[in-house]
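Chemist: Sharing a structure, written as structure tokens. Questions coming.
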Amino acid sequence: MKFFVSVLTTFAILLTSATANAAKCKYEDDEVDKFTNVRTVQSKQKLLTSMMSAFGRAPKGPHAVYAGNVTAGFEGDDYFLEMRILVETYIPDKPPRYELENAIVVPEDSHLLILMADGNIERLPVSRAYSFNSEFVPPNGPGNSSKNDYWKSTEAHINYALDEHMMTVLTSQDATNMRIEAGEDYYDIKIQKKSRGDMAEVIGCVQQAHASEVPVK
Amino acid sequence: MNKPITFATIIAFLVISSAADAASCKFKVNEVDLFTKQKLVATEWYSMTSAMSSAFKILVADRTSVSVAAMSEGDQNFIAIKLKFNDGVYNEPSNEDMRDALLVEKGSQLVIILEDESQIVLEARKTVRGVTRFGDVGGNPVVESNVVVHYPVGDEDIEALLEQNAGFVIVSATAGRFAFLDSNSQANFKMNRKGRDRFTEALTCLSKA
Amino acid sequence: MKNFVITPFLLAAVLLGSATADAAKCKFAKDETDPFTEVKTQQTKWDQLTSTWMADSREIDGWISVIAVDDYVALWVKLDYTVKPRSEPSKDSLKSVINIPEGANLLILMPDDTIIELPAVREVKADAYALAPWDHPMDVNTWTVRAAANIKYAMPAEAIAALKAQDPTDIRISAANRDFDIEIHKKSRTDFKNAFACMDL
């Protein structure tokens, strides 16, 4: 009887710690399509870039990203990694209409390059072609702290397909840098130290959600 | 001689005639690309026009400014030219006019005519559209277009450019309805001493990266 | 005393009678018979599937109307799409915001999880228009982008029977690059049934 009780206790502890880990996972979406019965789950996004960029120490240059977030998810049995980036710049004059159109274009054959801690570079294929427009806010306008300059920004949300093998690879170690291919351009993300395990974490979280039939949100 | 001439070798020959002082070299980029593993180097922009005096005697376009930089990606070197054109207008131009104001197509030429009248012809590596703005300069409505073009340049051409002074630089482009270029669709610059020195400085600094 | 007892029953009988009569009456947008061909055309007025409450903040709104031309029955769905971007949308982004190819399905979800599929009779494309914050009577903080389209779906007999047997809960309008989902407001779930009933279908 005593043995039985201690086995139960151990089991209970194991269960609790598993649940505790699951508790670290946060999701922004878990729903079943009413028509197709396909379940879609998406983890809450995690910020990879340093918040220092918010205080004017943003990286500069044509490949710079002001903020980069990562999230993972699945739709049915198709897993994906989604990168959400914000590219911005201050300019003295109002940008013409045409300049805002198709500011970031991601062709069908593009990849997400991920530099892992051990120096290996992993490549994820993009799910489809994308095209994103820029927005601008005049000086002193909502969200623009500059008194003289226009704030031009482009927000891009890009999905990359994940297969079982790649998920094993990406959850095995930290990632230090990412490059988002966009035709002839590219956007670089330098992952801050404390966020180097985030990509692995969000992938782990959605794998967990997939395994469990219980809704996570 | 299959081994490409490195910048270092060229400089060793020309160090006396070089106008560049190593200490004055400033690099905008000097790193190894984490993903392609290529060494990327780019000098700062060296302005060839100044508000006070014109380093270039400009034959076409009143208010044009030109800057030059040198860059390399792995083994390939480039000469980068930054051009800024202005033109006075009466009204704010249409979106289409702004879009078509300035275009440098892939393969467009950059011709550098040297003192001995030999020519170095370079071609733009890709099509670049000018960044165009409509603004007010001292109460006058003005349209301004900026464009940066990269021209791949081989070792022999660089050698020639460091050996001799450049006399003229001719940039070919396509302009829309603004008076940026001449009737040959070109911007023509006559180099004077300061311009030449800055040109050489850019190329020399690249070798010191 | 006798009078008092009879009257309520009479009253009830009269009320019941008129109620049934009301149920049989449609709000028709069209109800006519062609004097030459004797073809009868009936079309119900637009009936909103969503609640009128908070309609302004809703991205997707829908109305239905049933049309019967002699034996041919079709379902019209009016789709109203509104988004509020923070800055001026590009001209390109306004083109074909609603793009329904010919044959694209309208999916109607029933309470028992069965789905009725109705194909679009013809292609429908609609561009959106944009209203600047200063042009909009109410919303002064954002731009307003709106598009609307009326889409005709074929309605075979089985579909009519299914919609008379159960009250649908949701519809999905399949378009070329996205789906437009509409959750049918409780009170509107009998809209289909009522349309058929009043048209004697």
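Just so we're on the same page: first chain in the structure tokens is A, next is B, and so on; residues restart at 1 for each chain, and ligands are numbered from 1 in the order they show up.
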Taking only C-alpha atoms into account and nothing else, which residues of chain A lie no more than 12 Å away from chain C? Please answer as an mmCIF file with N, CA and C atoms, in the first residue's frame.
Modeler:
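Produced file selection.cif, reproduced below:
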data_model
loop_
_atom_site.group_PDB
_atom_site.id
_atom_site.type_symbol
_atom_site.label_atom_id
_atom_site.label_comp_id
_atom_site.auth_asym_id
_atom_site.auth_seq_id
_atom_site.Cartn_x
_atom_site.Cartn_y
_atom_site.Cartn_z
ATOM 1 N N ASP A 33 -12.254 25.707 -36.804
ATOM 2 C CA ASP A 33 -13.103 26.301 -37.842
ATOM 3 C C ASP A 33 -14.451 25.581 -37.855
ATOM 4 N N LYS A 34 -15.484 26.352 -37.752
ATOM 5 C CA LYS A 34 -16.840 25.765 -37.678
ATOM 6 C C LYS A 34 -17.182 24.938 -38.907
ATOM 7 N N PHE A 35 -16.641 25.353 -40.042
ATOM 8 C CA PHE A 35 -17.011 24.694 -41.295
ATOM 9 C C PHE A 35 -16.118 23.505 -41.623
ATOM 10 N N THR A 36 -14.812 23.673 -41.417
ATOM 11 C CA THR A 36 -13.885 22.612 -41.815
ATOM 12 C C THR A 36 -13.431 21.739 -40.666
ATOM 13 N N ASN A 37 -13.728 22.182 -39.439
ATOM 14 C CA ASN A 37 -13.295 21.445 -38.239
ATOM 15 C C ASN A 37 -11.785 21.389 -38.079
ATOM 16 N N PRO A 96 5.983 60.027 -51.373
ATOM 17 C CA PRO A 96 4.938 59.911 -52.389
ATOM 18 C C PRO A 96 4.252 58.548 -52.316
ATOM 19 N N ARG A 97 3.022 58.522 -52.777
ATOM 20 C CA ARG A 97 2.176 57.334 -52.768
ATOM 21 C C ARG A 97 2.889 56.053 -53.235
ATOM 22 N N TYR A 98 3.570 56.155 -54.396
ATOM 23 C CA TYR A 98 4.118 54.947 -55.021
ATOM 24 C C TYR A 98 5.191 54.315 -54.142
ATOM 25 N N GLU A 99 5.831 55.144 -53.363
ATOM 26 C CA GLU A 99 6.927 54.640 -52.539
ATOM 27 C C GLU A 99 6.423 53.740 -51.414
ATOM 28 N N LEU A 100 5.168 53.950 -51.038
ATOM 29 C CA LEU A 100 4.618 53.160 -49.943
ATOM 30 C C LEU A 100 4.141 51.796 -50.410
ATOM 31 N N GLU A 101 3.851 51.719 -51.707
ATOM 32 C CA GLU A 101 3.299 50.467 -52.212
ATOM 33 C C GLU A 101 4.381 49.415 -52.397
ATOM 34 N N ASN A 102 4.070 48.204 -51.971
ATOM 35 C CA ASN A 102 5.011 47.082 -52.121
ATOM 36 C C ASN A 102 6.398 47.424 -51.592
ATOM 37 N N ALA A 103 6.422 47.990 -50.413
ATOM 38 C CA ALA A 103 7.690 48.375 -49.801
ATOM 39 C C ALA A 103 8.507 47.133 -49.431
ATOM 40 N N SER A 131 3.386 40.718 -50.018
ATOM 41 C CA SER A 131 3.716 42.087 -50.401
ATOM 42 C C SER A 131 3.145 43.002 -49.324
ATOM 43 N N PHE A 132 3.967 43.875 -48.786
ATOM 44 C CA PHE A 132 3.508 44.745 -47.710
ATOM 45 C C PHE A 132 3.710 46.203 -48.073
ATOM 46 N N ASN A 133 2.751 47.031 -47.703
ATOM 47 C CA ASN A 133 2.847 48.472 -47.957
ATOM 48 C C ASN A 133 3.328 49.190 -46.711
ATOM 49 N N SER A 134 3.906 50.353 -46.936
ATOM 50 C CA SER A 134 4.322 51.184 -45.811
ATOM 51 C C SER A 134 3.204 52.131 -45.435
ATOM 52 N N GLU A 135 3.319 52.636 -44.213
ATOM 53 C CA GLU A 135 2.391 53.674 -43.750
ATOM 54 C C GLU A 135 3.243 54.852 -43.330
ATOM 55 N N PHE A 136 2.649 56.011 -43.312
ATOM 56 C CA PHE A 136 3.422 57.101 -42.737
ATOM 57 C C PHE A 136 2.536 57.924 -41.823
ATOM 58 N N VAL A 137 3.165 58.535 -40.831
ATOM 59 C CA VAL A 137 2.447 59.423 -39.920
ATOM 60 C C VAL A 137 3.171 60.768 -39.955
ATOM 61 N N PRO A 138 2.449 61.849 -40.182
ATOM 62 C CA PRO A 138 3.093 63.161 -40.251
ATOM 63 C C PRO A 138 3.694 63.571 -38.911
ATOM 64 N N GLY A 141 1.945 63.575 -35.449
ATOM 65 C CA GLY A 141 0.746 62.761 -35.615
ATOM 66 C C GLY A 141 0.706 61.621 -34.612
ATOM 67 N N PRO A 142 -0.400 60.859 -34.597
ATOM 68 C CA PRO A 142 -0.544 59.767 -33.614
ATOM 69 C C PRO A 142 0.574 58.737 -33.744
ATOM 70 N N GLY A 143 1.334 58.570 -32.687
ATOM 71 C CA GLY A 143 2.414 57.583 -32.687
ATOM 72 C C GLY A 143 3.747 58.128 -33.170
ATOM 73 N N TRP A 151 7.140 59.809 -39.997
ATOM 74 C CA TRP A 151 7.539 58.468 -39.552
ATOM 75 C C TRP A 151 6.984 57.466 -40.548
ATOM 76 N N LYS A 152 7.894 56.794 -41.248
ATOM 77 C CA LYS A 152 7.466 55.822 -42.255
ATOM 78 C C LYS A 152 7.735 54.426 -41.718
ATOM 79 N N SER A 153 6.728 53.587 -41.709
ATOM 80 C CA SER A 153 6.923 52.241 -41.163
ATOM 81 C C SER A 153 6.257 51.192 -42.028
ATOM 82 N N THR A 154 6.849 50.000 -41.995
ATOM 83 C CA THR A 154 6.279 48.868 -42.725
ATOM 84 C C THR A 154 6.204 47.698 -41.776
#
Chemist: What's around stretch 184-191 of chain B at 12 Å? Count only C-alpha atoms, leave out sequence neighbours fewer than 3 positions away in its own chain, and write the answer as a ChimeraX atom specification.
Modeler: /B:48-49,54-67,81,83-85,102-104,108-115,165-181,194-200
Chemist: Which residues, written as number ranges by chain, have at least one atom at most 9 Å from B:Arg129, with only C-alpha atoms counted and residues fewer than 2 positions away on the same chain left out?
Modeler: B: 99-105, 127, 131-132, 146-148
Chemist: Show me, as number ranges by chain, the residues of chain B whose atoms get within 12 Å of chain A, using only C-alpha atoms for the distance check.
Modeler: B: 28-29, 33-37, 92-101, 125-137, 142-145
Chemist: Per DSSP on the backbone, what are the strand (DSSP E or B) residues of chain C, as a VMD selection string?
Modeler: chain C and resid 28 to 33 40 to 44 47 to 48 60 to 69 72 to 83 98 to 100 105 to 109 115 to 120 124 to 126 129 to 131 144 to 154 170 to 174 179 to 183
Chemist: For the alpha helix (DSSP H) assignment from backbone DSSP, which residues of stretch 101-181 of chain B qualify? Please present them as a ChimeraX atom specification.
Modeler: /B:155-163
Chemist: Using only C-alpha atoms, which protein or nucleic acid residues come within 10 Å of B:Asp157? Drop anything in the same chain fewer than 2 positions from it, and give the result as an NGL selection string.
Modeler: :B and (119-122 or 153-155 or 159-163)
Chemist: Kindly export the residues of the current selection with C-alpha atoms, as a PDB file, in the first residue's frame.
Modeler:
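Done, and the output landed in selection-v5.pdb:
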ATOM      1  CA  GLN B 119      37.835  55.348 -70.846  1.00  0.00           C
ATOM      2  CA  ILE B 120      36.715  53.094 -68.074  1.00  0.00           C
ATOM      3  CA  VAL B 121      33.188  51.884 -68.615  1.00  0.00           C
ATOM      4  CA  LEU B 122      31.255  50.351 -65.736  1.00  0.00           C
ATOM      5  CA  VAL B 153      34.651  47.321 -60.913  1.00  0.00           C
ATOM      6  CA  GLY B 154      37.467  44.952 -61.798  1.00  0.00           C
ATOM      7  CA  ASP B 155      41.037  45.031 -60.500  1.00  0.00           C
ATOM      8  CA  GLU B 159      44.606  50.042 -61.015  1.00  0.00           C
ATOM      9  CA  ALA B 160      44.039  52.420 -63.904  1.00  0.00           C
ATOM     10  CA  LEU B 161      41.982  54.753 -61.734  1.00  0.00           C
ATOM     11  CA  LEU B 162      44.690  54.942 -59.104  1.00  0.00           C
ATOM     12  CA  GLU B 163      47.427  55.489 -61.643  1.00  0.00           C
TER      13      GLU B 163
END
Chemist: What's the separation between atom CA of B:Asn77 and atom CA of B:Cys205, in Å to one decimal place?
Modeler: 12.4 Å
Chemist: So that I can see what lies close to C:Asn150, please list as a PyMOL selection string the residues with an atom at most 12 Å from it, counting only C-alpha atoms and leaving out residues fewer than 4 positions away in the same chain.
Modeler: chain C and resi 46+61-65+75-81+98-100+120-126+173
Chemist: Could you please take those selected residues and save N, CA and C atoms as a PDB file, in the first residue's frame?
Modeler:
ATOM      1  N   TRP C  46     -34.442  42.723 -48.203  1.00  0.00           N
ATOM      2  CA  TRP C  46     -33.211  42.325 -47.517  1.00  0.00           C
ATOM      3  C   TRP C  46     -33.490  42.115 -46.032  1.00  0.00           C
ATOM      4  N   ASP C  61     -20.786  42.336 -42.570  1.00  0.00           N
ATOM      5  CA  ASP C  61     -22.225  42.326 -42.326  1.00  0.00           C
ATOM      6  C   ASP C  61     -22.923  41.646 -43.499  1.00  0.00           C
ATOM      7  N   GLY C  62     -24.043  40.969 -43.195  1.00  0.00           N
ATOM      8  CA  GLY C  62     -24.709  40.274 -44.294  1.00  0.00           C
ATOM      9  C   GLY C  62     -26.221  40.353 -44.221  1.00  0.00           C
ATOM     10  N   TRP C  63     -26.839  40.360 -45.409  1.00  0.00           N
ATOM     11  CA  TRP C  63     -28.299  40.322 -45.516  1.00  0.00           C
ATOM     12  C   TRP C  63     -28.634  39.249 -46.533  1.00  0.00           C
ATOM     13  N   ILE C  64     -29.837  38.682 -46.404  1.00  0.00           N
ATOM     14  CA  ILE C  64     -30.243  37.741 -47.437  1.00  0.00           C
ATOM     15  C   ILE C  64     -31.572  38.167 -48.034  1.00  0.00           C
ATOM     16  N   SER C  65     -31.775  37.660 -49.240  1.00  0.00           N
ATOM     17  CA  SER C  65     -33.052  37.889 -49.905  1.00  0.00           C
ATOM     18  C   SER C  65     -33.272  36.664 -50.781  1.00  0.00           C
ATOM     19  N   LEU C  75     -30.796  32.500 -53.971  1.00  0.00           N
ATOM     20  CA  LEU C  75     -30.563  33.241 -52.736  1.00  0.00           C
ATOM     21  C   LEU C  75     -29.605  34.379 -53.038  1.00  0.00           C
ATOM     22  N   TRP C  76     -29.984  35.587 -52.684  1.00  0.00           N
ATOM     23  CA  TRP C  76     -29.074  36.730 -52.799  1.00  0.00           C
ATOM     24  C   TRP C  76     -28.462  36.974 -51.429  1.00  0.00           C
ATOM     25  N   VAL C  77     -27.164  37.199 -51.397  1.00  0.00           N
ATOM     26  CA  VAL C  77     -26.517  37.580 -50.145  1.00  0.00           C
ATOM     27  C   VAL C  77     -25.859  38.941 -50.385  1.00  0.00           C
ATOM     28  N   LYS C  78     -26.196  39.886 -49.549  1.00  0.00           N
ATOM     29  CA  LYS C  78     -25.548  41.198 -49.631  1.00  0.00           C
ATOM     30  C   LYS C  78     -24.437  41.192 -48.597  1.00  0.00           C
ATOM     31  N   LEU C  79     -23.234  41.473 -49.061  1.00  0.00           N
ATOM     32  CA  LEU C  79     -22.063  41.469 -48.181  1.00  0.00           C
ATOM     33  C   LEU C  79     -21.561  42.893 -48.056  1.00  0.00           C
ATOM     34  N   ASP C  80     -21.385  43.315 -46.821  1.00  0.00           N
ATOM     35  CA  ASP C  80     -20.888  44.654 -46.545  1.00  0.00           C
ATOM     36  C   ASP C  80     -19.602  44.507 -45.758  1.00  0.00           C
ATOM     37  N   TYR C  81     -18.520  45.056 -46.283  1.00  0.00           N
ATOM     38  CA  TYR C  81     -17.216  44.867 -45.648  1.00  0.00           C
ATOM     39  C   TYR C  81     -16.639  46.224 -45.280  1.00  0.00           C
ATOM     40  N   ILE C  98     -13.655  42.572 -52.686  1.00  0.00           N
ATOM     41  CA  ILE C  98     -14.564  41.430 -52.707  1.00  0.00           C
ATOM     42  C   ILE C  98     -14.416  40.800 -54.090  1.00  0.00           C
ATOM     43  N   ASN C  99     -13.998  39.556 -54.111  1.00  0.00           N
ATOM     44  CA  ASN C  99     -13.727  38.875 -55.379  1.00  0.00           C
ATOM     45  C   ASN C  99     -14.292  37.463 -55.317  1.00  0.00           C
ATOM     46  N   ILE C 100     -15.494  37.320 -55.825  1.00  0.00           N
ATOM     47  CA  ILE C 100     -16.175  36.014 -55.760  1.00  0.00           C
ATOM     48  C   ILE C 100     -16.176  35.399 -57.156  1.00  0.00           C
ATOM     49  N   ALA C 120     -21.971  30.164 -56.393  1.00  0.00           N
ATOM     50  CA  ALA C 120     -22.293  31.503 -56.890  1.00  0.00           C
ATOM     51  C   ALA C 120     -22.643  31.385 -58.370  1.00  0.00           C
ATOM     52  N   VAL C 121     -23.748  32.027 -58.744  1.00  0.00           N
ATOM     53  CA  VAL C 121     -24.244  31.914 -60.112  1.00  0.00           C
ATOM     54  C   VAL C 121     -23.323  32.595 -61.125  1.00  0.00           C
ATOM     55  N   ARG C 122     -22.733  33.724 -60.737  1.00  0.00           N
ATOM     56  CA  ARG C 122     -21.783  34.401 -61.615  1.00  0.00           C
ATOM     57  C   ARG C 122     -20.724  35.099 -60.790  1.00  0.00           C
ATOM     58  N   GLU C 123     -19.663  35.538 -61.465  1.00  0.00           N
ATOM     59  CA  GLU C 123     -18.566  36.202 -60.774  1.00  0.00           C
ATOM     60  C   GLU C 123     -19.028  37.559 -60.265  1.00  0.00           C
ATOM     61  N   VAL C 124     -18.564  37.915 -59.086  1.00  0.00           N
ATOM     62  CA  VAL C 124     -18.862  39.246 -58.537  1.00  0.00           C
ATOM     63  C   VAL C 124     -17.559  39.840 -58.031  1.00  0.00           C
ATOM     64  N   LYS C 125     -17.244  41.041 -58.511  1.00  0.00           N
ATOM     65  CA  LYS C 125     -16.040  41.724 -58.027  1.00  0.00           C
ATOM     66  C   LYS C 125     -16.441  43.117 -57.604  1.00  0.00           C
ATOM     67  N   ALA C 126     -15.945  43.527 -56.451  1.00  0.00           N
ATOM     68  CA  ALA C 126     -16.254  44.884 -56.015  1.00  0.00           C
ATOM     69  C   ALA C 126     -15.010  45.552 -55.459  1.00  0.00           C
ATOM     70  N   ILE C 173     -18.911  32.957 -46.874  1.00  0.00           N
ATOM     71  CA  ILE C 173     -18.892  33.333 -48.289  1.00  0.00           C
ATOM     72  C   ILE C 173     -17.472  33.109 -48.777  1.00  0.00           C
TER      73      ILE C 173
END
Chemist: For C:Val39, please output as an MDAnalysis selection string all residues within 7 Å (counting only C-alpha atoms; exclusion window: fewer than 6 positions along the same chain).
Modeler: chainID C and resid 33 69:70
Chemist: Output the selection as an mmCIF file, in the first residue's frame - N, CA and C atoms for each residue.
Modeler:
data_model
loop_
_atom_site.group_PDB
_atom_site.id
_atom_site.type_symbol
_atom_site.label_atom_id
_atom_site.label_comp_id
_atom_site.auth_asym_id
_atom_site.auth_seq_id
_atom_site.Cartn_x
_atom_site.Cartn_y
_atom_site.Cartn_z
ATOM 1 N N THR C 33 -46.482 39.597 -61.515
ATOM 2 C CA THR C 33 -46.637 38.586 -62.559
ATOM 3 C C THR C 33 -46.595 39.327 -63.885
ATOM 4 N N VAL C 69 -38.493 32.932 -59.358
ATOM 5 C CA VAL C 69 -39.061 33.270 -60.659
ATOM 6 C C VAL C 69 -39.687 31.971 -61.165
ATOM 7 N N ASP C 70 -41.009 31.899 -61.057
ATOM 8 C CA ASP C 70 -41.723 30.640 -61.285
ATOM 9 C C ASP C 70 -41.087 29.582 -60.386
#
